[in-house]
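Structure data follow from model.cif (mmCIF, C-alpha atoms):
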```cif
data_data
#
loop_
_atom_site.label_atom_id
_atom_site.label_comp_id
_atom_site.auth_asym_id
_atom_site.auth_seq_id
_atom_site.Cartn_x
_atom_site.Cartn_y
_atom_site.Cartn_z
CA MET E 1 -2.41 -57.38 -15.92
CA ARG E 2 1.35 -57.39 -16.11
CA GLY E 3 2.72 -54.75 -13.78
CA THR E 4 0.80 -51.82 -12.46
CA ASP E 5 2.79 -49.00 -14.05
CA THR E 6 1.27 -47.40 -17.10
CA PRO E 7 3.34 -47.86 -20.26
CA ALA E 8 3.92 -44.73 -22.31
CA ILE E 9 2.44 -44.50 -25.78
CA ALA E 10 4.99 -42.49 -27.72
CA ILE E 11 3.99 -41.09 -31.11
CA ARG E 12 6.70 -39.30 -33.10
CA GLY E 13 6.17 -37.48 -36.37
CA LEU E 14 3.09 -39.52 -37.26
CA THR E 15 1.83 -38.70 -40.74
CA CYS E 16 -0.69 -40.86 -42.54
CA ARG E 17 -1.98 -40.56 -46.09
CA LEU E 18 -4.95 -42.45 -47.46
CA GLY E 19 -4.74 -42.09 -51.22
CA ASP E 20 -3.57 -38.51 -51.77
CA ARG E 21 -5.39 -37.16 -48.71
CA GLU E 22 -3.29 -36.48 -45.64
CA VAL E 23 -5.40 -37.83 -42.77
CA LEU E 24 -2.89 -37.25 -39.97
CA THR E 25 -0.21 -34.58 -40.13
CA GLY E 26 2.94 -34.78 -38.06
CA LEU E 27 1.51 -35.81 -34.70
CA ASP E 28 3.92 -35.78 -31.74
CA LEU E 29 2.44 -37.11 -28.53
CA VAL E 30 3.46 -38.93 -25.39
CA LEU E 31 0.48 -40.46 -23.60
CA GLN E 32 0.99 -41.88 -20.16
CA GLU E 33 -2.33 -41.27 -18.43
CA ARG E 34 -4.59 -44.22 -17.56
CA ARG E 35 -7.73 -42.76 -19.12
CA ILE E 36 -7.32 -40.85 -22.35
CA GLY E 37 -10.14 -39.51 -24.49
CA ILE E 38 -9.70 -38.56 -28.14
CA LEU E 39 -12.36 -36.17 -29.43
CA GLY E 40 -13.08 -35.17 -32.97
CA ARG E 41 -15.70 -34.86 -35.66
CA ASN E 42 -16.41 -37.45 -38.31
CA GLY E 43 -13.48 -37.50 -40.71
CA SER E 44 -11.14 -35.65 -38.33
CA GLY E 45 -8.64 -38.52 -38.43
CA LYS E 46 -9.35 -39.87 -34.96
CA SER E 47 -10.24 -43.36 -36.17
CA THR E 48 -7.12 -43.46 -38.31
CA LEU E 49 -5.11 -42.46 -35.26
CA ALA E 50 -6.74 -45.32 -33.33
CA ARG E 51 -5.90 -47.84 -36.04
CA ALA E 52 -2.34 -46.53 -36.31
CA MET E 53 -1.91 -46.80 -32.52
CA ALA E 54 -3.05 -50.42 -32.74
CA GLY E 55 -0.36 -51.06 -35.37
CA LEU E 56 -2.89 -51.77 -38.11
CA ILE E 57 -1.68 -49.26 -40.70
CA ASP E 58 1.54 -50.12 -42.48
CA THR E 59 1.84 -47.00 -44.58
CA ILE E 60 2.59 -44.41 -41.94
CA GLU E 61 5.52 -42.08 -41.54
CA GLY E 62 7.00 -41.65 -38.09
CA SER E 63 6.96 -44.12 -35.24
CA ILE E 64 4.63 -45.42 -32.56
CA THR E 65 5.94 -47.26 -29.54
CA ILE E 66 4.10 -48.60 -26.53
CA GLY E 67 6.25 -49.31 -23.48
CA GLY E 68 9.27 -48.95 -25.78
CA ASP E 69 8.16 -51.61 -28.31
CA ASP E 70 7.58 -50.63 -31.91
CA ILE E 71 4.08 -52.04 -32.33
CA ARG E 72 4.26 -52.18 -36.11
CA LYS E 73 7.46 -54.18 -36.32
CA ASN E 74 7.12 -56.32 -33.23
CA ARG E 75 3.63 -57.79 -33.64
CA LYS E 76 4.13 -60.36 -30.89
CA ALA E 77 4.94 -57.66 -28.34
CA ALA E 78 2.10 -55.60 -29.79
CA LEU E 79 -0.44 -58.27 -28.83
CA ARG E 80 0.45 -57.78 -25.17
CA ALA E 81 0.78 -54.03 -25.53
CA VAL E 82 -2.39 -53.03 -27.32
CA GLY E 83 -5.87 -54.24 -28.19
CA ILE E 84 -8.53 -52.44 -30.19
CA LEU E 85 -12.31 -52.61 -30.05
CA PHE E 86 -13.81 -51.70 -33.43
CA GLN E 87 -16.94 -49.65 -34.02
CA ASN E 88 -18.75 -52.59 -35.53
CA PRO E 89 -18.49 -56.04 -33.91
CA GLU E 90 -19.36 -57.53 -37.28
CA HIS E 91 -15.93 -56.32 -38.38
CA GLN E 92 -14.17 -57.83 -35.40
CA ILE E 93 -15.58 -61.33 -35.07
CA ILE E 94 -13.46 -63.71 -37.11
CA PHE E 95 -14.77 -67.11 -36.07
CA PRO E 96 -18.03 -69.03 -36.28
CA THR E 97 -18.25 -69.92 -32.59
CA GLY E 98 -17.70 -68.05 -29.34
CA LEU E 99 -14.93 -70.29 -28.02
CA GLU E 100 -12.85 -70.00 -31.19
CA GLU E 101 -13.29 -66.24 -31.24
CA VAL E 102 -11.98 -65.81 -27.69
CA ARG E 103 -9.30 -68.46 -28.06
CA PHE E 104 -7.73 -67.07 -31.24
CA GLY E 105 -5.95 -64.09 -29.68
CA LEU E 106 -4.76 -66.20 -26.75
CA ALA E 107 -3.27 -68.84 -29.07
CA GLN E 108 -1.63 -66.05 -31.08
CA MET E 109 0.01 -64.80 -27.89
CA GLY E 110 1.79 -68.13 -27.66
CA HIS E 111 -0.44 -70.15 -25.34
CA SER E 112 -0.73 -73.84 -26.26
CA LYS E 113 -4.08 -74.85 -27.71
CA ALA E 114 -5.17 -76.60 -24.49
CA GLU E 115 -4.12 -73.63 -22.35
CA ALA E 116 -5.74 -71.13 -24.73
CA THR E 117 -8.96 -73.18 -24.65
CA ARG E 118 -8.94 -73.20 -20.85
CA LEU E 119 -8.30 -69.44 -20.63
CA ALA E 120 -10.97 -68.72 -23.23
CA ARG E 121 -13.58 -70.77 -21.38
CA GLU E 122 -12.58 -69.04 -18.16
CA ALA E 123 -12.96 -65.62 -19.77
CA LEU E 124 -16.44 -66.51 -21.05
CA ALA E 125 -17.39 -67.91 -17.63
CA ARG E 126 -16.18 -64.74 -15.89
CA PHE E 127 -18.92 -62.87 -17.73
CA GLY E 128 -21.49 -65.60 -17.11
CA ARG E 129 -21.37 -66.57 -20.78
CA ALA E 130 -19.87 -70.07 -20.61
CA SER E 131 -22.67 -71.31 -22.86
CA TRP E 132 -21.45 -69.10 -25.71
CA ALA E 133 -18.47 -71.41 -26.25
CA GLU E 134 -20.39 -73.54 -28.73
CA ARG E 135 -22.87 -70.85 -29.82
CA SER E 136 -22.81 -69.54 -33.36
CA THR E 137 -21.44 -66.00 -33.39
CA ALA E 138 -23.77 -65.19 -36.29
CA ALA E 139 -26.78 -65.95 -34.08
CA LEU E 140 -25.80 -63.52 -31.29
CA SER E 141 -27.72 -60.25 -30.92
CA GLN E 142 -25.96 -56.95 -31.58
CA GLY E 143 -25.32 -56.31 -27.87
CA GLN E 144 -24.09 -59.89 -27.40
CA LYS E 145 -21.68 -59.49 -30.30
CA HIS E 146 -20.27 -56.36 -28.65
CA LEU E 147 -19.85 -58.25 -25.40
CA LEU E 148 -18.12 -61.17 -27.15
CA CYS E 149 -15.63 -58.71 -28.69
CA VAL E 150 -14.99 -57.19 -25.26
CA ILE E 151 -14.47 -60.63 -23.69
CA SER E 152 -12.05 -61.64 -26.48
CA LEU E 153 -9.99 -58.50 -25.90
CA LEU E 154 -10.00 -58.55 -22.10
CA ALA E 155 -8.91 -62.19 -22.14
CA MET E 156 -5.67 -61.06 -23.80
CA GLU E 157 -5.07 -58.45 -21.05
CA PRO E 158 -3.37 -55.85 -23.26
CA ALA E 159 -1.65 -52.97 -21.47
CA VAL E 160 -3.52 -50.46 -23.62
CA LEU E 161 -7.09 -50.85 -24.80
CA ILE E 162 -8.23 -48.64 -27.67
CA LEU E 163 -11.98 -48.13 -28.01
CA ASP E 164 -13.03 -46.74 -31.37
CA GLU E 165 -16.55 -45.43 -30.61
CA PRO E 166 -17.43 -48.99 -29.76
CA PHE E 167 -21.02 -48.84 -28.62
CA SER E 168 -22.90 -46.65 -31.05
CA GLY E 169 -26.31 -48.09 -31.75
CA LEU E 170 -26.75 -49.99 -28.49
CA ASP E 171 -29.60 -49.40 -26.08
CA ILE E 172 -28.79 -47.46 -22.92
CA PRO E 173 -28.68 -50.32 -20.36
CA THR E 174 -26.52 -52.47 -22.65
CA GLU E 175 -24.15 -49.61 -23.37
CA ARG E 176 -23.87 -48.73 -19.68
CA ALA E 177 -23.22 -52.34 -18.70
CA LEU E 178 -20.46 -52.68 -21.29
CA ARG E 179 -18.94 -49.33 -20.32
CA ARG E 180 -18.84 -50.36 -16.67
CA VAL E 181 -16.88 -53.47 -17.61
CA LEU E 182 -14.39 -51.37 -19.55
CA GLU E 183 -14.09 -48.58 -17.00
CA ASP E 184 -12.98 -51.17 -14.44
CA TYR E 185 -10.16 -52.25 -16.70
CA PRO E 186 -6.87 -51.88 -14.81
CA GLY E 187 -4.84 -50.98 -17.91
CA THR E 188 -4.79 -47.85 -20.04
CA LEU E 189 -7.96 -46.91 -21.91
CA VAL E 190 -7.86 -44.78 -25.03
CA GLN E 191 -11.42 -43.82 -25.91
CA ILE E 192 -12.13 -42.39 -29.37
CA THR E 193 -15.41 -40.50 -29.46
CA HIS E 194 -17.29 -37.51 -30.80
CA ASP E 195 -19.26 -37.29 -27.56
CA PRO E 196 -17.41 -35.40 -24.81
CA GLN E 197 -19.73 -36.73 -22.08
CA VAL E 198 -18.19 -40.19 -22.39
CA ILE E 199 -14.73 -38.94 -21.41
CA ALA E 200 -15.66 -36.20 -18.93
CA GLY E 201 -14.12 -38.11 -16.02
CA TYR E 202 -10.91 -39.03 -17.84
CA ASP E 203 -7.36 -37.93 -17.05
CA ARG E 204 -6.60 -36.33 -20.40
CA ALA E 205 -8.47 -35.22 -23.48
CA LEU E 206 -7.09 -34.77 -26.97
CA TRP E 207 -9.04 -32.94 -29.62
CA ILE E 208 -8.14 -33.97 -33.16
CA ASP E 209 -9.21 -31.72 -36.00
CA ASP E 210 -8.22 -32.12 -39.63
CA GLY E 211 -5.42 -34.53 -38.76
CA ARG E 212 -3.81 -32.29 -36.15
CA VAL E 213 -4.06 -31.81 -32.38
CA ARG E 214 -6.30 -28.81 -31.76
CA GLY E 215 -6.69 -29.23 -28.01
CA ASP E 216 -4.80 -31.18 -25.36
CA GLY E 217 -5.21 -31.15 -21.58
CA PRO E 218 -7.59 -32.13 -18.80
CA PRO E 219 -11.15 -32.74 -20.11
CA GLY E 220 -12.39 -29.81 -18.01
CA ALA E 221 -10.28 -27.49 -20.14
CA VAL E 222 -10.61 -29.12 -23.58
CA ILE E 223 -14.30 -30.03 -23.64
CA PRO E 224 -15.72 -26.45 -23.36
CA ASP E 225 -13.58 -25.31 -26.33
CA TYR E 226 -14.59 -28.40 -28.29
CA LEU E 227 -18.27 -27.88 -27.59
CA ALA E 228 -18.05 -24.20 -28.49
CA ALA E 229 -16.42 -25.07 -31.80
CA MET E 230 -18.98 -27.80 -32.51
CA THR E 231 -21.83 -25.38 -31.89
CA ALA E 232 -20.24 -22.76 -34.13
CA GLU E 233 -19.55 -25.28 -36.89
CA GLY E 234 -23.06 -26.66 -36.49
CA THR E 235 -24.57 -23.73 -38.39
CA ASP E 236 -22.97 -24.82 -41.64
CA ALA E 237 -21.89 -28.38 -40.88
CA PHE E 238 -22.85 -29.54 -44.38
CA ALA E 239 -20.34 -27.16 -45.89
CA ASP E 240 -17.43 -29.46 -45.24
CA LEU E 241 -19.15 -32.83 -45.52
CA MET I 1 -17.57 -74.80 -34.85
CA LEU I 2 -20.85 -74.73 -36.65
CA SER I 3 -21.46 -77.82 -38.61
CA LEU I 4 -23.77 -80.68 -39.33
CA THR I 5 -22.72 -82.31 -36.07
CA SER I 6 -25.71 -83.68 -34.17
CA GLU I 7 -26.45 -82.28 -30.72
CA ILE I 8 -27.84 -85.67 -29.67
CA PRO I 9 -24.98 -87.46 -27.88
CA THR I 10 -24.17 -90.91 -29.27
CA PRO I 11 -21.42 -93.46 -28.49
CA PHE I 12 -19.90 -92.59 -31.89
CA HIS I 13 -19.20 -89.03 -30.76
CA ARG I 14 -16.47 -90.45 -28.54
CA VAL I 15 -14.69 -92.42 -31.30
CA PRO I 16 -11.69 -90.43 -32.59
CA ALA I 17 -12.30 -88.70 -35.93
CA GLY I 18 -9.31 -90.34 -37.61
CA ALA I 19 -10.54 -93.85 -36.72
CA LYS I 20 -14.05 -93.08 -37.99
CA LEU I 21 -12.73 -91.70 -41.27
CA ALA I 22 -10.44 -94.73 -41.76
CA LEU I 23 -13.35 -97.11 -41.08
CA LEU I 24 -15.54 -95.14 -43.47
CA ALA I 25 -12.90 -95.40 -46.19
CA ALA I 26 -12.56 -99.16 -45.64
CA ALA I 27 -16.34 -99.64 -45.61
CA SER I 28 -16.71 -97.66 -48.85
CA VAL I 29 -14.12 -99.81 -50.61
CA ALA I 30 -15.85 -102.96 -49.33
CA ILE I 31 -19.29 -101.72 -50.43
CA PHE I 32 -18.02 -100.97 -53.94
CA ALA I 33 -16.68 -104.54 -54.12
CA ILE I 34 -20.09 -106.13 -53.42
CA PRO I 35 -21.10 -107.94 -56.64
CA SER I 36 -24.69 -109.06 -56.05
CA PRO I 37 -27.86 -107.04 -55.42
CA ALA I 38 -28.95 -109.38 -52.62
CA LEU I 39 -25.71 -108.85 -50.69
CA MET I 40 -26.12 -105.07 -51.09
CA ALA I 41 -28.93 -105.27 -48.53
CA LEU I 42 -26.24 -106.02 -45.96
CA PRO I 43 -24.54 -102.57 -45.75
CA VAL I 44 -27.92 -100.82 -46.00
CA ILE I 45 -29.23 -102.81 -43.03
CA LEU I 46 -25.96 -102.29 -41.17
CA ALA I 47 -26.16 -98.53 -41.65
CA ALA I 48 -29.78 -98.53 -40.48
CA LEU I 49 -28.84 -100.53 -37.38
CA LEU I 50 -25.97 -98.16 -36.55
CA TYR I 51 -28.37 -95.19 -36.69
CA LEU I 52 -31.01 -96.99 -34.66
CA ALA I 53 -28.42 -97.93 -32.04
CA CYS I 54 -28.13 -94.20 -31.31
CA GLY I 55 -31.83 -93.88 -30.58
CA LEU I 56 -34.95 -93.11 -32.59
CA ARG I 57 -34.54 -89.34 -32.45
CA PHE I 58 -31.04 -89.54 -33.89
CA ALA I 59 -32.17 -92.04 -36.53
CA ARG I 60 -34.90 -89.65 -37.62
CA GLN I 61 -32.34 -86.86 -37.86
CA GLY I 62 -30.20 -89.18 -39.98
CA LEU I 63 -33.12 -89.93 -42.26
CA ARG I 64 -33.69 -86.21 -42.74
CA ALA I 65 -30.03 -85.78 -43.67
CA LEU I 66 -30.54 -88.34 -46.44
CA ARG I 67 -33.31 -86.31 -48.04
CA PRO I 68 -31.09 -84.80 -50.79
CA LEU I 69 -30.52 -88.37 -51.98
CA TRP I 70 -34.13 -89.14 -52.96
CA PRO I 71 -34.05 -87.49 -56.42
CA PHE I 72 -31.07 -89.66 -57.35
CA LEU I 73 -32.72 -92.82 -56.08
CA LEU I 74 -35.87 -91.86 -58.00
CA LEU I 75 -33.80 -91.36 -61.15
CA LEU I 76 -32.21 -94.78 -60.69
CA THR I 77 -35.66 -96.37 -60.25
CA VAL I 78 -37.06 -94.68 -63.34
CA TRP I 79 -34.06 -95.54 -65.50
CA HIS I 80 -33.74 -99.15 -64.42
CA GLY I 81 -37.51 -99.60 -64.60
CA PHE I 82 -37.27 -98.35 -68.17
CA THR I 83 -34.40 -100.72 -69.04
CA GLN I 84 -35.87 -103.56 -66.95
CA ASP I 85 -32.42 -103.96 -65.32
CA TRP I 86 -33.62 -104.10 -61.70
CA GLY I 87 -30.57 -105.99 -60.41
CA ASN I 88 -28.15 -103.25 -61.39
CA GLY I 89 -30.57 -100.63 -60.10
CA MET I 90 -30.65 -102.26 -56.66
CA LEU I 91 -26.88 -102.54 -56.69
CA LEU I 92 -26.30 -98.86 -57.53
CA GLY I 93 -29.10 -97.60 -55.29
CA GLY I 94 -27.92 -99.64 -52.30
CA ARG I 95 -24.34 -98.54 -52.87
CA LEU I 96 -25.34 -94.88 -52.97
CA LEU I 97 -27.65 -95.13 -49.98
CA SER I 98 -25.29 -97.08 -47.71
CA THR I 99 -22.12 -95.05 -48.44
CA VAL I 100 -23.86 -91.69 -48.03
CA ALA I 101 -25.63 -92.88 -44.88
CA LEU I 102 -22.35 -94.05 -43.34
CA ALA I 103 -20.56 -90.84 -44.36
CA ASN I 104 -23.39 -88.80 -42.83
CA LEU I 105 -23.08 -90.84 -39.65
CA VAL I 106 -19.41 -89.83 -39.39
CA THR I 107 -20.27 -86.19 -40.11
CA MET I 108 -23.09 -86.15 -37.58
CA THR I 109 -20.99 -87.62 -34.80
CA THR I 110 -17.74 -85.70 -35.38
CA ARG I 111 -17.07 -82.11 -34.36
CA LEU I 112 -15.89 -80.06 -37.31
CA GLU I 113 -12.88 -79.01 -35.27
CA ALA I 114 -11.82 -82.66 -34.95
CA MET I 115 -12.35 -83.13 -38.68
CA ILE I 116 -10.15 -80.12 -39.46
CA ALA I 117 -7.49 -81.40 -37.05
CA VAL I 118 -7.38 -84.72 -38.97
CA MET I 119 -7.14 -82.80 -42.24
CA ALA I 120 -4.30 -80.68 -40.88
CA ARG I 121 -2.47 -83.86 -39.82
CA LEU I 122 -2.94 -85.45 -43.25
CA LEU I 123 -1.77 -82.27 -44.96
CA ALA I 124 1.24 -81.90 -42.66
CA PRO I 125 3.64 -83.77 -45.02
CA LEU I 126 2.82 -81.15 -47.69
CA ARG I 127 4.62 -78.57 -45.56
CA VAL I 128 7.76 -79.36 -47.56
CA PHE I 129 5.95 -77.97 -50.63
CA GLY I 130 5.06 -74.80 -48.75
CA VAL I 131 1.46 -75.77 -47.88
CA LYS I 132 0.45 -74.37 -44.49
CA PRO I 133 -2.25 -76.60 -42.95
CA GLY I 134 -3.06 -74.05 -40.23
CA ARG I 135 -4.03 -71.55 -42.91
CA ILE I 136 -6.40 -74.00 -44.58
CA ALA I 137 -8.12 -74.68 -41.26
CA PHE I 138 -8.30 -70.92 -40.65
CA ALA I 139 -9.86 -70.38 -44.09
CA ILE I 140 -12.56 -72.99 -43.39
CA GLY I 141 -13.43 -71.15 -40.18
CA LEU I 142 -13.64 -67.82 -42.04
CA VAL I 143 -15.98 -69.25 -44.68
CA LEU I 144 -18.30 -70.59 -41.96
CA ARG I 145 -18.20 -67.26 -40.16
CA LEU I 146 -18.73 -65.01 -43.17
CA THR I 147 -21.28 -66.93 -45.21
CA PRO I 148 -24.21 -65.91 -42.97
CA THR I 149 -22.88 -62.33 -42.91
CA LEU I 150 -22.70 -62.21 -46.69
CA LEU I 151 -26.24 -63.55 -47.02
CA ASP I 152 -27.36 -60.92 -44.53
CA ARG I 153 -25.70 -58.15 -46.54
CA GLY I 154 -27.54 -59.40 -49.61
CA ARG I 155 -30.83 -59.30 -47.71
CA GLN I 156 -30.13 -55.77 -46.48
CA LEU I 157 -29.32 -54.53 -49.97
CA GLY I 158 -32.51 -56.20 -51.19
CA LEU I 159 -34.49 -54.31 -48.55
CA ALA I 160 -32.78 -51.02 -49.41
CA TRP I 161 -33.74 -51.66 -53.02
CA ARG I 162 -37.34 -52.43 -52.19
CA ALA I 163 -37.67 -49.36 -50.00
CA ARG I 164 -37.12 -47.14 -53.03
CA ALA I 165 -38.08 -49.22 -56.05
CA ARG I 166 -41.38 -50.06 -57.68
CA ARG I 167 -40.35 -53.57 -58.61
CA ARG I 168 -40.29 -55.82 -55.52
CA ARG I 169 -37.51 -58.12 -56.60
CA PRO I 170 -34.06 -56.50 -56.56
CA GLY I 171 -32.37 -56.44 -59.94
CA TRP I 172 -28.87 -57.25 -61.10
CA GLN I 173 -27.86 -53.75 -60.02
CA ILE I 174 -27.30 -54.96 -56.44
CA VAL I 175 -24.58 -57.40 -57.56
CA LEU I 176 -21.84 -54.76 -57.73
CA PRO I 177 -22.63 -53.14 -54.35
CA LEU I 178 -22.82 -56.61 -52.84
CA CYS I 179 -19.33 -57.38 -54.16
CA LEU I 180 -18.04 -54.06 -52.87
CA THR I 181 -19.48 -54.57 -49.38
CA ALA I 182 -17.97 -58.07 -49.39
CA LEU I 183 -14.56 -56.59 -50.22
CA ASP I 184 -15.06 -53.93 -47.56
CA ASP I 185 -15.96 -56.60 -45.00
CA ALA I 186 -12.87 -58.54 -46.04
CA ASP I 187 -10.74 -55.44 -45.38
CA HIS I 188 -12.21 -55.06 -41.91
CA ILE I 189 -11.76 -58.75 -41.07
CA ALA I 190 -8.16 -58.49 -42.28
CA ASP I 191 -7.68 -55.66 -39.76
CA ALA I 192 -9.26 -57.77 -37.02
CA VAL I 193 -6.96 -60.69 -37.83
CA LYS I 194 -3.96 -58.39 -37.88
CA ALA I 195 -4.96 -56.79 -34.57
CA ARG I 196 -4.76 -60.23 -33.02
CA GLY I 197 -1.51 -61.42 -34.48
CA GLY I 198 -2.14 -62.37 -38.10
CA ILE I 199 -3.00 -65.63 -39.81
CA PRO I 200 -1.66 -68.68 -37.96
CA ASP I 201 0.46 -71.21 -39.88
#
```
Could the structure of this file be written out as C-alpha cells, please?
Amino acid sequence: MRGTDTPAIAIRGLTCRLGDREVLTGLDLVLQERRIGILGRNGSGKSTLARAMAGLIDTIEGSITIGGDDIRKNRKAALRAVGILFQNPEHQIIFPTGLEEVRFGLAQMGHSKAEATRLAREALARFGRASWAERSTAALSQGQKHLLCVISLLAMEPAVLILDEPFSGLDIPTERALRRVLEDYPGTLVQITHDPQVIAGYDRALWIDDGRVRGDGPPGAVIPDYLAAMTAEGTDAFADL
Amino acid sequence: MLSLTSEIPTPFHRVPAGAKLALLAAASVAIFAIPSPALMALPVILAALLYLACGLRFARQGLRALRPLWPFLLLLTVWHGFTQDWGNGMLLGGRLLSTVALANLVTMTTRLEAMIAVMARLLAPLRVFGVKPGRIAFAIGLVLRLTPTLLDRGRQLGLAWRARARRRRPGWQIVLPLCLTALDDADHIADAVKARGGIPD
C-alpha cells in the first residue's frame, strides 16, 4: 500500500448513455471514506457506475478522478489507483495459467518480467496457492477462479478496490473466506451490491436508483429507507422489469 | 502456459528453446537430403534413442503423440504396396516419422512460454513494418485461455436445448446464440484487459 491516507474519488457531472438509454444522470460525488457501499436494484446503473469508476467506459460525460488523476486519460496512474473485481471470474481471467494471470497486471504496471514473475509467485504463495502458478485456469473450480481474480488484483495493490457483486453464486464458507480477505484490505473498498447486509458495517452507503443518487449517508440511515422501498416495490416488481 | 509440454523432466527441458529449434531445422534439412531407404533408418533410430534416453515413460508418451501419424503411414504402405515401389515408400515413411518425432520431442521438452519468446525474438525485426510481437504472444495466450471456455459455452447451450427440446441433438439454431455469447465474452475480456492496462506491445 502506498501511503495510508485515503485518496478521494471525485465524480463530477457523470452522465452515461448506453444506446439511447441514459443509465447514469449527472452524478456529483466525492468519496473519501475507506468503506463505501453502493446499493441498488438490478438495472439501477450501479454496475455502470462501477465500470465508469474503474475507467472502463470511454463514452461518458463529466470527469472521474482518483487522488487527482483522471483515470480515463492516465491509464498508467489508473492501474495504481483503482482495480475492479467483476461479477463473473470467467470474464476477468485473461490467461491460461495462474502465474500469467497474476503477472499480467504487475508487468503492465511497469515491473520487469523477472520482477513481475517474482511478485506474482509471492502473491500466490501468500494465499497458499503457489501450486497454481502452472495450473490451467480453465481447470479451477468456481470458488478458485474467484480467489485467483482476488489474488491478481491484490498483487497490484490499487488504492481503490471496486467490487461489483463479486461473490454471487458461491457457497457460504467460500464467500465468507473471500470477504474476510477483502475486508482486511488496507485501501479503499467500494462494494456494489443489492444486499444491504453486506455493507452494514461500512462508513458510507450510496443508494442508486434509475441512474441517480436516491440516498447517501451512513448505512444506518440509508439501509432502512432502501429496505422500505424494496419491500414496497416488491409487490409489483415485474412492472418495471 | 498450457501446452503439449511433458511433465516428465528430461535433460532436453534444460536446452534453450532457440538451440533446439535450430537443431531441429538443421536435422530436417539433413533428413530431406537422405537419398537411400537404408540410410533413412538412421534418423528413425536416432529419434527413438533420444526418446528412450529420457526414460521409458517419456518414450511411451512420445509414441502416443505420434498416433495421428499412423493413417498417413498406412496410406503410404497401401499406395507403395499397390505400385510395388517399396524403396520410395520406406524413404517417405521414414522421413515423415523421423521429422515429426523430432519436432514432437522439441515440443514436449519446451515450455510454450519459451517457444513464444523465441517467436517474439524472430519477429522483432518486423517491428519496422509495424508488427508488434508482444501482441502476437498475447493473442496466443488468449486463444489457449478462451478455447475451453468457448467449448463449455457450446456444451451449456446444448444442455439448455436438450432441457426443452424433444430432439436430443441440438440443431443449427444454437450457432447464432453461440456466436453472440462468444462476442459477449470477448467484450468482457476486453474490459478485463483494459482494467489492467491494455494489450502489451
Inset, instruction - I need the residue set behind the PyMOL selection byres ((chain E) within 6 of (chain I)) for this file; please write it as a PyMOL selection string. - result: chain E and resi 91-92+95-97+105+108
Inset, instruction - Find the residues near region 81-98 of chain I: any atom within 8 Å, counting only C-alpha atoms, skip ones fewer than 2 places away on the same chain, and give them as a ChimeraX atom specification. - result: /I:31-32,35-37,40-41,43-44,47,69,73,76-79,100-102
Inset, instruction - Considering only C-alpha atoms, state which residue in the set E:Pro158, E:Asp216, E:Val222, E:Ile151 is at the smallest distance from Ala200 (chain E). - result: E:Val222
Legend entry - Pick from I:Gly55, I:Gly154, I:Pro9, I:Pro16, whichever lies nearest to Gly171 (chain I) using all atoms listed in the file: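 Closest residue, counting all atoms listed in the file: I:Gly154.
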Inset, instruction - Quick one: pull the distance between CA of Leu112 (chain I) and CA of Glu134 (chain E), Å, one decimal. - result: 11.7 Å
Inset, instruction - Quote the spacing between CA of Leu178 (chain I) and CA of Ile94 (chain E) in Å to one decimal place. - result: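 Between CA of Leu178 (chain I) and CA of Ile94 (chain E) the gap works out to 19.6 Å.
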Inset, instruction - Find, counting all atoms listed in the file, the residue in I:Ala17, I:Leu50, I:Leu4, I:Ala30 that gets nearest to Ile116 (chain I). - result: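 Between I:Ala17, I:Leu50, I:Leu4, I:Ala30, the residue approaching Ile116 (chain I) most closely is I:Ala17.
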Take the PyMOL selection byres ((chain E and resi 39) around 12), run it mentally on this structure, and tell me the resulting residues as a JSON list (two decimals) with C-alpha atoms, keeping the file's coordinate frame.
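The result, written out as result.json:
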```json
[["chain", "number", "residue", "atom", "x", "y", "z"],
["E", 36, "ILE", "CA", -7.32, -40.85, -22.35],
["E", 37, "GLY", "CA", -10.14, -39.51, -24.49],
["E", 38, "ILE", "CA", -9.70, -38.56, -28.14],
["E", 40, "GLY", "CA", -13.08, -35.17, -32.97],
["E", 41, "ARG", "CA", -15.70, -34.86, -35.66],
["E", 42, "ASN", "CA", -16.41, -37.45, -38.31],
["E", 43, "GLY", "CA", -13.48, -37.50, -40.71],
["E", 44, "SER", "CA", -11.14, -35.65, -38.33],
["E", 45, "GLY", "CA", -8.64, -38.52, -38.43],
["E", 46, "LYS", "CA", -9.35, -39.87, -34.96],
["E", 47, "SER", "CA", -10.24, -43.36, -36.17],
["E", 49, "LEU", "CA", -5.11, -42.46, -35.26],
["E", 50, "ALA", "CA", -6.74, -45.32, -33.33],
["E", 164, "ASP", "CA", -13.03, -46.74, -31.37],
["E", 165, "GLU", "CA", -16.55, -45.43, -30.61],
["E", 190, "VAL", "CA", -7.86, -44.78, -25.03],
["E", 191, "GLN", "CA", -11.42, -43.82, -25.91],
["E", 192, "ILE", "CA", -12.13, -42.39, -29.37],
["E", 193, "THR", "CA", -15.41, -40.50, -29.46],
["E", 194, "HIS", "CA", -17.29, -37.51, -30.80],
["E", 195, "ASP", "CA", -19.26, -37.29, -27.56],
["E", 196, "PRO", "CA", -17.41, -35.40, -24.81],
["E", 197, "GLN", "CA", -19.73, -36.73, -22.08],
["E", 198, "VAL", "CA", -18.19, -40.19, -22.39],
["E", 199, "ILE", "CA", -14.73, -38.94, -21.41],
["E", 200, "ALA", "CA", -15.66, -36.20, -18.93],
["E", 204, "ARG", "CA", -6.60, -36.33, -20.40],
["E", 205, "ALA", "CA", -8.47, -35.22, -23.48],
["E", 206, "LEU", "CA", -7.09, -34.77, -26.97],
["E", 207, "TRP", "CA", -9.04, -32.94, -29.62],
["E", 208, "ILE", "CA", -8.14, -33.97, -33.16],
["E", 209, "ASP", "CA", -9.21, -31.72, -36.00],
["E", 210, "ASP", "CA", -8.22, -32.12, -39.63],
["E", 211, "GLY", "CA", -5.42, -34.53, -38.76],
["E", 212, "ARG", "CA", -3.81, -32.29, -36.15],
["E", 213, "VAL", "CA", -4.06, -31.81, -32.38],
["E", 214, "ARG", "CA", -6.30, -28.81, -31.76],
["E", 215, "GLY", "CA", -6.69, -29.23, -28.01],
["E", 216, "ASP", "CA", -4.80, -31.18, -25.36],
["E", 217, "GLY", "CA", -5.21, -31.15, -21.58],
["E", 219, "PRO", "CA", -11.15, -32.74, -20.11],
["E", 222, "VAL", "CA", -10.61, -29.12, -23.58],
["E", 223, "ILE", "CA", -14.30, -30.03, -23.64],
["E", 224, "PRO", "CA", -15.72, -26.45, -23.36],
["E", 225, "ASP", "CA", -13.58, -25.31, -26.33],
["E", 226, "TYR", "CA", -14.59, -28.40, -28.29],
["E", 227, "LEU", "CA", -18.27, -27.88, -27.59],
["E", 230, "MET", "CA", -18.98, -27.80, -32.51]]
```
